[in-house]
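Since the structure comes first, as structure tokens, the remarks are kept for the end.
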Amino acid sequence: MAEPIKQDGAAQASSAGSAEAPKPAATKPAKPPNPVFRMMGLPNLPRKLPSRNWMIFWTVLVSFTAAKMYDTRQKKAAQKKWCDLVAHIAQEKLDVRQMPRKLTVFLSAPPGDGLGPSRQYFKDYVKPILVAASMDYEVIEGRKEGDVRYGTAEQIRRLRRKKGEKGLTEPEMDTAMAIDLMRERLMLQPEPGVKGDLVLGRHTWKEYVRGIHEGWLGPLDEPPELNPEPSPTPAITPEPSPIHPPTESRTENPGATTSPEAVEQISADEDKKPEEKKEEEKKKKPYPPPAYLPIHQYSGSPLSPHIPTVLEPSEAIHQQHLLGFLKTPQRIYNWLNRRTLQDQIGRQTAAIVLASNRPYQHDESFAMPATLPSESSAPVATRAPENDQLDTSPLQTSSNYEQQGLLTEEEHYWHKSVRQAPADATKEQIYIADIVFDPRIADRMRKFELDHEQEERAQKIAAGDESAKWAVPVQDLRSKKPIVTADEDSMA
């Protein structure tokens, strides 16, 4: 019988090791889900890329959010640049008997909307720069078409009366006149120099120009044809009929032919106070009142003898306002590009605060598209946008003013209700009418414009090369201890 082959110890150890199965590696317990995601109803975030639809969603969302955050940051930087440019004016010394410089702000409701958007627009883009310079301002608002025109003309008429110009009737005492009288008694003088007007929007600019002409060329009192007195109606006596002759009726009591209700009504009308009758008459008058001076009478109206050689400078600021569902893409773009709008408005507002101005230009290069005939006379007019398709033929006139073409791009985006015929045919439509200028007024107007030196300084402030200029150095008093005198210590 054959004996088995013997193997050495190394061979036996290797065969024994290969026969044993490898032990599995110890697995780590699963990480518990984030409690925040669990409370929000979200599972654990996967370690792989999401699906195509989720990628599209997150890409659009993150891009849109990043674009808005960048725009907001740049808008604040642009606003800070112009605020720092005019901040030194807030610390200039002012005499105790002197009033600070006061601007006049004109704003009105955009066509087809209310006054709220215009107020918010002024608060967001214009007011921060005025506040940085501690600039005082007076606001003339218009809720409907014609309010700003009447407010501008009434302000000029009040100035003419204050300078000594007399009208047919003496004006009644109002709040503005009472304030001026009190300041004269206290010997408070306005700050000498430029004041200025800030006009928000093309629609307000049209009313502002119309009001300036009415104020300086029109009469001080309301013309009688605008408020005609009712003529007494003559009593009509009926003629006797030949078929039925009149019968005479006599009575001893004359009041017997009148009913008791009619007697009470007559006595009540007689007992009415004259003040109540005046209030009723005021309620019947339309507001705003019609213009004292029609446009076609500009050339034949005498200029006020108290008009200054140069009128207060003005600046028309663009108002971005869109209505309608079809303009949603444009509104989204404007919403993501507020930084450009803030920089443009900040530059114009800084020019107003710094009182840097120049005359309006008068050249043929400012010819505006128009539909008026070429033989139209003296006052120059621009085109009224009857539809969105504009006629590009220039106005064939001998004079063209820069004031006519300001903010014309806004008219393309006005609501279509502006171009509809009003219910009252006698009401003047200023928004769709042409801007008409009398040369005596147009040549006296001036425009605010930032000079080159201030523009370069603003760029240095934005780049960080120059800090804001302060009239008085700002001291940080937080690190200093308060000084307590002996009197204050004894009182404590």
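Convention: chains lettered A, B, ... in structure tokens order; per-chain residue numbering from 1; ligands numbered from 1 as shown.
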Which neighbours of segment 162-174 of chain A fall inside 8 Å, counting only C-alpha atoms, when residues of the same chain fewer than 4 positions from it are skipped, and could you give them as a tab-separated table (two decimals) with all heavy atoms, in the first residue's frame?
chain	number	residue	atom	x	y	z
A	158	ARG	N	-48.53	135.25	-7.54
A	158	ARG	CA	-48.31	135.69	-6.16
A	158	ARG	C	-47.01	136.49	-6.05
A	158	ARG	O	-46.92	137.47	-5.32
A	158	ARG	CB	-48.27	134.48	-5.23
A	158	ARG	CG	-48.20	134.85	-3.75
A	158	ARG	CD	-48.13	133.63	-2.87
A	158	ARG	NE	-49.34	132.83	-2.96
A	158	ARG	CZ	-49.40	131.61	-3.50
A	158	ARG	NH1	-48.30	131.06	-4.02
A	158	ARG	NH2	-50.53	130.94	-3.53
A	178	ALA	N	-49.65	134.75	4.76
A	178	ALA	CA	-49.45	134.94	6.20
A	178	ALA	C	-48.03	134.57	6.62
A	178	ALA	O	-47.41	135.26	7.45
A	178	ALA	CB	-50.48	134.11	6.97
A	219	PRO	N	-52.97	137.65	-17.22
A	219	PRO	CA	-53.40	138.66	-16.24
A	219	PRO	C	-53.31	138.14	-14.82
A	219	PRO	O	-53.20	136.93	-14.58
A	219	PRO	CB	-54.86	138.92	-16.65
A	219	PRO	CG	-55.29	137.63	-17.27
A	219	PRO	CD	-54.10	137.06	-17.96
A	220	LEU	N	-53.35	139.07	-13.87
A	220	LEU	CA	-53.32	138.67	-12.46
A	220	LEU	C	-54.66	138.13	-11.99
A	220	LEU	O	-54.71	137.26	-11.12
A	220	LEU	CB	-52.92	139.88	-11.59
A	220	LEU	CG	-51.46	140.30	-11.61
A	220	LEU	CD1	-51.26	141.53	-10.75
A	220	LEU	CD2	-50.57	139.17	-11.13
A	221	ASP	N	-55.74	138.64	-12.54
A	221	ASP	CA	-57.08	138.24	-12.12
A	221	ASP	C	-57.69	137.33	-13.18
A	221	ASP	O	-57.32	137.35	-14.36
A	221	ASP	CB	-57.97	139.47	-11.90
A	221	ASP	CG	-57.38	140.41	-10.86
A	221	ASP	OD1	-56.99	139.92	-9.79
A	221	ASP	OD2	-57.27	141.62	-11.14
A	306	HIS	N	-42.30	143.04	-14.01
A	306	HIS	CA	-41.48	142.56	-12.91
A	306	HIS	C	-40.78	141.23	-13.23
A	306	HIS	O	-40.22	140.59	-12.33
A	306	HIS	CB	-42.33	142.38	-11.64
A	306	HIS	CG	-42.93	143.66	-11.14
A	306	HIS	ND1	-44.19	144.08	-11.49
A	306	HIS	CD2	-42.42	144.64	-10.34
A	306	HIS	CE1	-44.45	145.23	-10.91
A	306	HIS	NE2	-43.39	145.60	-10.21
List as an MDAnalysis selection string the protein and nucleic acid residues near Leu336 of chain A, meaning an atom at most 8 Å away when only C-alpha atoms are counted, but skip any in the same chain fewer than 3 places from it. chainID A and resid 67:68 71 332:333
Serialized selection, N, CA and C atoms, as a compact mmCIF listing (two decimals), in the first residue's frame:
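Produced file result-v2.txt, reproduced below:
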# COMPACT_ATOMS: atom_id res chain seq x y z
N ALA A 67 -28.12 88.77 -10.26
CA ALA A 67 -28.23 90.01 -11.02
C ALA A 67 -28.89 91.10 -10.20
N LYS A 68 -29.91 90.76 -9.44
CA LYS A 68 -30.58 91.77 -8.62
C LYS A 68 -29.71 92.22 -7.47
N ASP A 71 -27.14 94.57 -8.88
CA ASP A 71 -27.72 95.86 -9.24
C ASP A 71 -28.00 96.70 -7.99
N ILE A 332 -39.07 94.23 -16.47
CA ILE A 332 -38.10 93.37 -15.79
C ILE A 332 -36.68 93.87 -16.03
N TYR A 333 -36.40 94.26 -17.27
CA TYR A 333 -35.07 94.80 -17.57
C TYR A 333 -34.80 96.07 -16.77
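With only C-alpha atoms as the atoms that count, the minimum distance from Lys80 of chain A to the choices A:Leu61, A:Val418, A:Ala462, A:Met187 is reached by A:Ala462.
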For His318 of chain A, work out the shell of residues within 10 Å, counting only C-alpha atoms and skipping chain neighbours fewer than 6 positions away, then give it as a count of residues only. 13
Quick one, how far is atom CA of Thr152 of chain A from atom CA of Gly211 of chain A? 5.0 Å
Find the residues near Thr426 of chain A: any atom within 12 Å, counting only C-alpha atoms, skip ones fewer than 2 places away on the same chain, and give them as an MDAnalysis selection string. chainID A and resid 226 286 289:291 421:424 428:429
Write the residues of the selection above to a file with N, CA, C and O atoms, as a compact mmCIF listing (two decimals), in the first residue's frame.
# COMPACT_ATOMS: atom_id res chain seq x y z
N LEU A 226 -64.13 133.61 -18.26
CA LEU A 226 -64.02 132.28 -17.66
C LEU A 226 -65.04 132.06 -16.57
O LEU A 226 -65.33 130.91 -16.22
N PRO A 286 -65.06 124.73 -11.41
CA PRO A 286 -64.19 123.56 -11.67
C PRO A 286 -62.79 123.80 -11.12
O PRO A 286 -62.31 124.94 -11.05
N PRO A 289 -58.95 125.70 -12.24
CA PRO A 289 -59.64 126.63 -13.14
C PRO A 289 -59.03 126.61 -14.54
O PRO A 289 -57.86 126.24 -14.71
N PRO A 290 -59.78 126.99 -15.54
CA PRO A 290 -59.19 127.08 -16.89
C PRO A 290 -58.05 128.10 -16.94
O PRO A 290 -57.93 128.98 -16.08
N ALA A 291 -57.22 127.95 -17.95
CA ALA A 291 -56.06 128.84 -18.09
C ALA A 291 -56.53 130.27 -18.34
O ALA A 291 -57.49 130.51 -19.06
N ALA A 421 -60.37 111.19 -26.32
CA ALA A 421 -61.05 112.48 -26.20
C ALA A 421 -61.68 112.58 -24.82
O ALA A 421 -62.32 111.64 -24.35
N PRO A 422 -61.52 113.70 -24.11
CA PRO A 422 -62.10 113.84 -22.77
C PRO A 422 -63.62 114.00 -22.84
O PRO A 422 -64.19 114.34 -23.89
N ALA A 423 -64.26 113.75 -21.71
CA ALA A 423 -65.71 113.89 -21.65
C ALA A 423 -66.11 115.35 -21.81
O ALA A 423 -67.12 115.67 -22.45
N ASP A 424 -65.32 116.25 -21.22
CA ASP A 424 -65.58 117.68 -21.34
C ASP A 424 -64.79 118.23 -22.53
O ASP A 424 -63.56 118.26 -22.52
N GLU A 428 -58.78 121.71 -21.59
CA GLU A 428 -57.52 121.75 -22.34
C GLU A 428 -56.73 120.47 -22.10
O GLU A 428 -56.53 120.04 -20.97
N GLN A 429 -56.27 119.85 -23.18
CA GLN A 429 -55.46 118.64 -23.11
C GLN A 429 -53.98 119.03 -23.25
O GLN A 429 -53.48 119.25 -24.35
Per DSSP on the backbone, filter segment 79-196 of chain A down to the residues in helix (DSSP H, G or I) and report them as a PDB file with N, CA and C atoms, in the first residue's frame.
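Result written to states.pdb:
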ATOM      1  N   GLN A  79     -25.542 106.031  -5.550  1.00  0.00           N
ATOM      2  CA  GLN A  79     -26.220 107.019  -4.708  1.00  0.00           C
ATOM      3  C   GLN A  79     -25.270 107.624  -3.684  1.00  0.00           C
ATOM      4  N   LYS A  80     -24.410 106.799  -3.105  1.00  0.00           N
ATOM      5  CA  LYS A  80     -23.443 107.301  -2.129  1.00  0.00           C
ATOM      6  C   LYS A  80     -22.440 108.244  -2.780  1.00  0.00           C
ATOM      7  N   LYS A  81     -22.073 107.969  -4.034  1.00  0.00           N
ATOM      8  CA  LYS A  81     -21.112 108.828  -4.731  1.00  0.00           C
ATOM      9  C   LYS A  81     -21.665 110.246  -4.865  1.00  0.00           C
ATOM     10  N   TRP A  82     -22.909 110.376  -5.285  1.00  0.00           N
ATOM     11  CA  TRP A  82     -23.474 111.713  -5.470  1.00  0.00           C
ATOM     12  C   TRP A  82     -23.827 112.367  -4.143  1.00  0.00           C
ATOM     13  N   CYS A  83     -24.164 111.564  -3.134  1.00  0.00           N
ATOM     14  CA  CYS A  83     -24.406 112.147  -1.808  1.00  0.00           C
ATOM     15  C   CYS A  83     -23.123 112.709  -1.211  1.00  0.00           C
ATOM     16  N   ASP A  84     -22.014 111.992  -1.379  1.00  0.00           N
ATOM     17  CA  ASP A  84     -20.731 112.499  -0.869  1.00  0.00           C
ATOM     18  C   ASP A  84     -20.264 113.738  -1.620  1.00  0.00           C
ATOM     19  N   LEU A  85     -20.680 113.864  -2.878  1.00  0.00           N
ATOM     20  CA  LEU A  85     -20.265 115.024  -3.656  1.00  0.00           C
ATOM     21  C   LEU A  85     -20.881 116.318  -3.125  1.00  0.00           C
ATOM     22  N   VAL A  86     -22.087 116.233  -2.580  1.00  0.00           N
ATOM     23  CA  VAL A  86     -22.795 117.444  -2.125  1.00  0.00           C
ATOM     24  C   VAL A  86     -22.897 117.512  -0.608  1.00  0.00           C
ATOM     25  N   ALA A  87     -22.249 116.594   0.111  1.00  0.00           N
ATOM     26  CA  ALA A  87     -22.421 116.551   1.564  1.00  0.00           C
ATOM     27  C   ALA A  87     -21.846 117.764   2.273  1.00  0.00           C
ATOM     28  N   HIS A  88     -20.866 118.423   1.675  1.00  0.00           N
ATOM     29  CA  HIS A  88     -20.241 119.571   2.357  1.00  0.00           C
ATOM     30  C   HIS A  88     -21.187 120.764   2.460  1.00  0.00           C
ATOM     31  N   ILE A  89     -22.216 120.817   1.616  1.00  0.00           N
ATOM     32  CA  ILE A  89     -23.149 121.941   1.668  1.00  0.00           C
ATOM     33  C   ILE A  89     -23.968 121.896   2.952  1.00  0.00           C
ATOM     34  N   ALA A  90     -24.164 120.717   3.501  1.00  0.00           N
ATOM     35  CA  ALA A  90     -24.970 120.595   4.718  1.00  0.00           C
ATOM     36  C   ALA A  90     -24.296 121.247   5.917  1.00  0.00           C
ATOM     37  N   GLN A  91     -22.966 121.439   5.881  1.00  0.00           N
ATOM     38  CA  GLN A  91     -22.253 122.002   7.022  1.00  0.00           C
ATOM     39  C   GLN A  91     -21.822 123.449   6.810  1.00  0.00           C
ATOM     40  N   GLY A 116     -49.216 108.191  -6.271  1.00  0.00           N
ATOM     41  CA  GLY A 116     -48.309 107.394  -5.447  1.00  0.00           C
ATOM     42  C   GLY A 116     -47.008 107.007  -6.116  1.00  0.00           C
ATOM     43  N   PRO A 117     -47.020 106.498  -7.355  1.00  0.00           N
ATOM     44  CA  PRO A 117     -45.733 106.148  -8.000  1.00  0.00           C
ATOM     45  C   PRO A 117     -44.782 107.324  -8.145  1.00  0.00           C
ATOM     46  N   SER A 118     -45.287 108.509  -8.416  1.00  0.00           N
ATOM     47  CA  SER A 118     -44.406 109.678  -8.548  1.00  0.00           C
ATOM     48  C   SER A 118     -43.782 110.039  -7.204  1.00  0.00           C
ATOM     49  N   ARG A 119     -44.565 109.965  -6.138  1.00  0.00           N
ATOM     50  CA  ARG A 119     -44.011 110.242  -4.811  1.00  0.00           C
ATOM     51  C   ARG A 119     -42.932 109.237  -4.439  1.00  0.00           C
ATOM     52  N   GLN A 120     -43.181 107.957  -4.696  1.00  0.00           N
ATOM     53  CA  GLN A 120     -42.197 106.935  -4.356  1.00  0.00           C
ATOM     54  C   GLN A 120     -40.950 107.063  -5.217  1.00  0.00           C
ATOM     55  N   TYR A 121     -41.122 107.425  -6.471  1.00  0.00           N
ATOM     56  CA  TYR A 121     -39.983 107.632  -7.377  1.00  0.00           C
ATOM     57  C   TYR A 121     -39.107 108.763  -6.876  1.00  0.00           C
ATOM     58  N   PHE A 122     -39.715 109.855  -6.464  1.00  0.00           N
ATOM     59  CA  PHE A 122     -38.952 110.979  -5.908  1.00  0.00           C
ATOM     60  C   PHE A 122     -38.253 110.586  -4.609  1.00  0.00           C
ATOM     61  N   LYS A 123     -38.915 109.803  -3.792  1.00  0.00           N
ATOM     62  CA  LYS A 123     -38.347 109.396  -2.505  1.00  0.00           C
ATOM     63  C   LYS A 123     -37.162 108.459  -2.698  1.00  0.00           C
ATOM     64  N   ASP A 124     -37.188 107.604  -3.717  1.00  0.00           N
ATOM     65  CA  ASP A 124     -36.133 106.610  -3.907  1.00  0.00           C
ATOM     66  C   ASP A 124     -34.896 107.178  -4.591  1.00  0.00           C
ATOM     67  N   TYR A 125     -35.060 108.091  -5.534  1.00  0.00           N
ATOM     68  CA  TYR A 125     -33.940 108.490  -6.377  1.00  0.00           C
ATOM     69  C   TYR A 125     -33.479 109.934  -6.171  1.00  0.00           C
ATOM     70  N   LYS A 127     -34.710 112.316  -3.393  1.00  0.00           N
ATOM     71  CA  LYS A 127     -34.695 112.830  -2.029  1.00  0.00           C
ATOM     72  C   LYS A 127     -33.419 112.516  -1.255  1.00  0.00           C
ATOM     73  N   PRO A 128     -32.814 111.301  -1.364  1.00  0.00           N
ATOM     74  CA  PRO A 128     -31.577 111.050  -0.590  1.00  0.00           C
ATOM     75  C   PRO A 128     -30.475 112.062  -0.855  1.00  0.00           C
ATOM     76  N   ILE A 129     -30.341 112.544  -2.087  1.00  0.00           N
ATOM     77  CA  ILE A 129     -29.277 113.500  -2.396  1.00  0.00           C
ATOM     78  C   ILE A 129     -29.627 114.877  -1.835  1.00  0.00           C
ATOM     79  N   LEU A 130     -30.898 115.250  -1.868  1.00  0.00           N
ATOM     80  CA  LEU A 130     -31.305 116.522  -1.264  1.00  0.00           C
ATOM     81  C   LEU A 130     -31.120 116.498   0.249  1.00  0.00           C
ATOM     82  N   VAL A 131     -31.392 115.352   0.865  1.00  0.00           N
ATOM     83  CA  VAL A 131     -31.218 115.228   2.314  1.00  0.00           C
ATOM     84  C   VAL A 131     -29.740 115.275   2.686  1.00  0.00           C
ATOM     85  N   ALA A 132     -28.883 114.676   1.855  1.00  0.00           N
ATOM     86  CA  ALA A 132     -27.442 114.696   2.144  1.00  0.00           C
ATOM     87  C   ALA A 132     -26.893 116.113   2.155  1.00  0.00           C
ATOM     88  N   ASP A 147     -53.344 120.507 -12.754  1.00  0.00           N
ATOM     89  CA  ASP A 147     -53.048 120.964 -11.397  1.00  0.00           C
ATOM     90  C   ASP A 147     -51.689 121.654 -11.320  1.00  0.00           C
ATOM     91  N   VAL A 148     -50.667 121.064 -11.930  1.00  0.00           N
ATOM     92  CA  VAL A 148     -49.331 121.662 -11.889  1.00  0.00           C
ATOM     93  C   VAL A 148     -49.310 122.957 -12.690  1.00  0.00           C
ATOM     94  N   ARG A 149     -50.015 122.990 -13.795  1.00  0.00           N
ATOM     95  CA  ARG A 149     -50.093 124.219 -14.580  1.00  0.00           C
ATOM     96  C   ARG A 149     -50.677 125.364 -13.762  1.00  0.00           C
ATOM     97  N   TYR A 150     -51.762 125.100 -13.049  1.00  0.00           N
ATOM     98  CA  TYR A 150     -52.387 126.135 -12.236  1.00  0.00           C
ATOM     99  C   TYR A 150     -51.500 126.502 -11.044  1.00  0.00           C
ATOM    100  N   GLY A 151     -50.849 125.515 -10.400  1.00  0.00           N
ATOM    101  CA  GLY A 151     -49.977 125.805  -9.268  1.00  0.00           C
ATOM    102  C   GLY A 151     -48.772 126.639  -9.664  1.00  0.00           C
ATOM    103  N   THR A 152     -48.186 126.351 -10.832  1.00  0.00           N
ATOM    104  CA  THR A 152     -47.041 127.142 -11.307  1.00  0.00           C
ATOM    105  C   THR A 152     -47.450 128.570 -11.623  1.00  0.00           C
ATOM    106  N   ALA A 153     -48.562 128.728 -12.340  1.00  0.00           N
ATOM    107  CA  ALA A 153     -49.023 130.078 -12.692  1.00  0.00           C
ATOM    108  C   ALA A 153     -49.425 130.867 -11.453  1.00  0.00           C
ATOM    109  N   GLU A 154     -50.067 130.221 -10.494  1.00  0.00           N
ATOM    110  CA  GLU A 154     -50.482 130.927  -9.270  1.00  0.00           C
ATOM    111  C   GLU A 154     -49.272 131.340  -8.449  1.00  0.00           C
ATOM    112  N   GLN A 155     -48.222 130.543  -8.434  1.00  0.00           N
ATOM    113  CA  GLN A 155     -46.995 130.923  -7.721  1.00  0.00           C
ATOM    114  C   GLN A 155     -46.362 132.167  -8.345  1.00  0.00           C
ATOM    115  N   ILE A 156     -46.368 132.244  -9.663  1.00  0.00           N
ATOM    116  CA  ILE A 156     -45.806 133.424 -10.339  1.00  0.00           C
ATOM    117  C   ILE A 156     -46.700 134.640 -10.109  1.00  0.00           C
ATOM    118  N   ARG A 157     -48.010 134.467 -10.154  1.00  0.00           N
ATOM    119  CA  ARG A 157     -48.910 135.594  -9.906  1.00  0.00           C
ATOM    120  C   ARG A 157     -48.753 136.132  -8.484  1.00  0.00           C
ATOM    121  N   ARG A 158     -48.531 135.247  -7.535  1.00  0.00           N
ATOM    122  CA  ARG A 158     -48.306 135.693  -6.160  1.00  0.00           C
ATOM    123  C   ARG A 158     -47.006 136.487  -6.055  1.00  0.00           C
ATOM    124  N   LEU A 159     -45.976 136.075  -6.803  1.00  0.00           N
ATOM    125  CA  LEU A 159     -44.711 136.803  -6.803  1.00  0.00           C
ATOM    126  C   LEU A 159     -44.883 138.185  -7.428  1.00  0.00           C
ATOM    127  N   ARG A 160     -45.679 138.269  -8.472  1.00  0.00           N
ATOM    128  CA  ARG A 160     -45.918 139.564  -9.108  1.00  0.00           C
ATOM    129  C   ARG A 160     -46.656 140.515  -8.159  1.00  0.00           C
ATOM    130  N   ARG A 161     -47.628 140.009  -7.434  1.00  0.00           N
ATOM    131  CA  ARG A 161     -48.343 140.860  -6.468  1.00  0.00           C
ATOM    132  C   ARG A 161     -47.409 141.296  -5.343  1.00  0.00           C
ATOM    133  N   LYS A 162     -46.512 140.403  -4.938  1.00  0.00           N
ATOM    134  CA  LYS A 162     -45.586 140.742  -3.860  1.00  0.00           C
ATOM    135  C   LYS A 162     -44.629 141.848  -4.285  1.00  0.00           C
ATOM    136  N   THR A 175     -52.555 131.075   3.539  1.00  0.00           N
ATOM    137  CA  THR A 175     -51.464 130.600   4.399  1.00  0.00           C
ATOM    138  C   THR A 175     -50.107 131.097   3.921  1.00  0.00           C
ATOM    139  N   ALA A 176     -49.867 131.045   2.610  1.00  0.00           N
ATOM    140  CA  ALA A 176     -48.562 131.476   2.085  1.00  0.00           C
ATOM    141  C   ALA A 176     -48.319 132.961   2.344  1.00  0.00           C
ATOM    142  N   MET A 177     -49.351 133.778   2.159  1.00  0.00           N
ATOM    143  CA  MET A 177     -49.193 135.207   2.403  1.00  0.00           C
ATOM    144  C   MET A 177     -48.979 135.490   3.888  1.00  0.00           C
ATOM    145  N   ALA A 178     -49.650 134.748   4.761  1.00  0.00           N
ATOM    146  CA  ALA A 178     -49.453 134.938   6.200  1.00  0.00           C
ATOM    147  C   ALA A 178     -48.033 134.573   6.622  1.00  0.00           C
ATOM    148  N   ILE A 179     -47.490 133.506   6.042  1.00  0.00           N
ATOM    149  CA  ILE A 179     -46.115 133.108   6.374  1.00  0.00           C
ATOM    150  C   ILE A 179     -45.117 134.150   5.899  1.00  0.00           C
ATOM    151  N   ASP A 180     -45.308 134.657   4.684  1.00  0.00           N
ATOM    152  CA  ASP A 180     -44.402 135.701   4.167  1.00  0.00           C
ATOM    153  C   ASP A 180     -44.476 136.969   5.017  1.00  0.00           C
ATOM    154  N   LEU A 181     -45.675 137.330   5.451  1.00  0.00           N
ATOM    155  CA  LEU A 181     -45.816 138.518   6.287  1.00  0.00           C
ATOM    156  C   LEU A 181     -45.123 138.347   7.634  1.00  0.00           C
ATOM    157  N   MET A 182     -45.217 137.165   8.209  1.00  0.00           N
ATOM    158  CA  MET A 182     -44.558 136.900   9.489  1.00  0.00           C
ATOM    159  C   MET A 182     -43.038 136.929   9.349  1.00  0.00           C
ATOM    160  N   ARG A 183     -42.535 136.410   8.238  1.00  0.00           N
ATOM    161  CA  ARG A 183     -41.087 136.425   8.030  1.00  0.00           C
ATOM    162  C   ARG A 183     -40.574 137.838   7.820  1.00  0.00           C
ATOM    163  N   GLU A 184     -41.368 138.683   7.173  1.00  0.00           N
ATOM    164  CA  GLU A 184     -40.961 140.071   7.008  1.00  0.00           C
ATOM    165  C   GLU A 184     -40.906 140.793   8.349  1.00  0.00           C
ATOM    166  N   ARG A 185     -41.848 140.494   9.223  1.00  0.00           N
ATOM    167  CA  ARG A 185     -41.828 141.123  10.543  1.00  0.00           C
ATOM    168  C   ARG A 185     -40.631 140.656  11.365  1.00  0.00           C
TER     169      ARG A 185
END
Counting only C-alpha atoms, the residue among A:Pro111, A:Val60, A:Arg73, A:Gln330 that lies closest to Gln420 of chain A is A:Pro111
One decimal place gives the atom CA of Pro190 of chain A-atom CA of Thr349 of chain A separation as 21.4 Å
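Interatomic distance, atom CA of Arg339 of chain A against atom CA of Gly324 of chain A: 23.4 Å.
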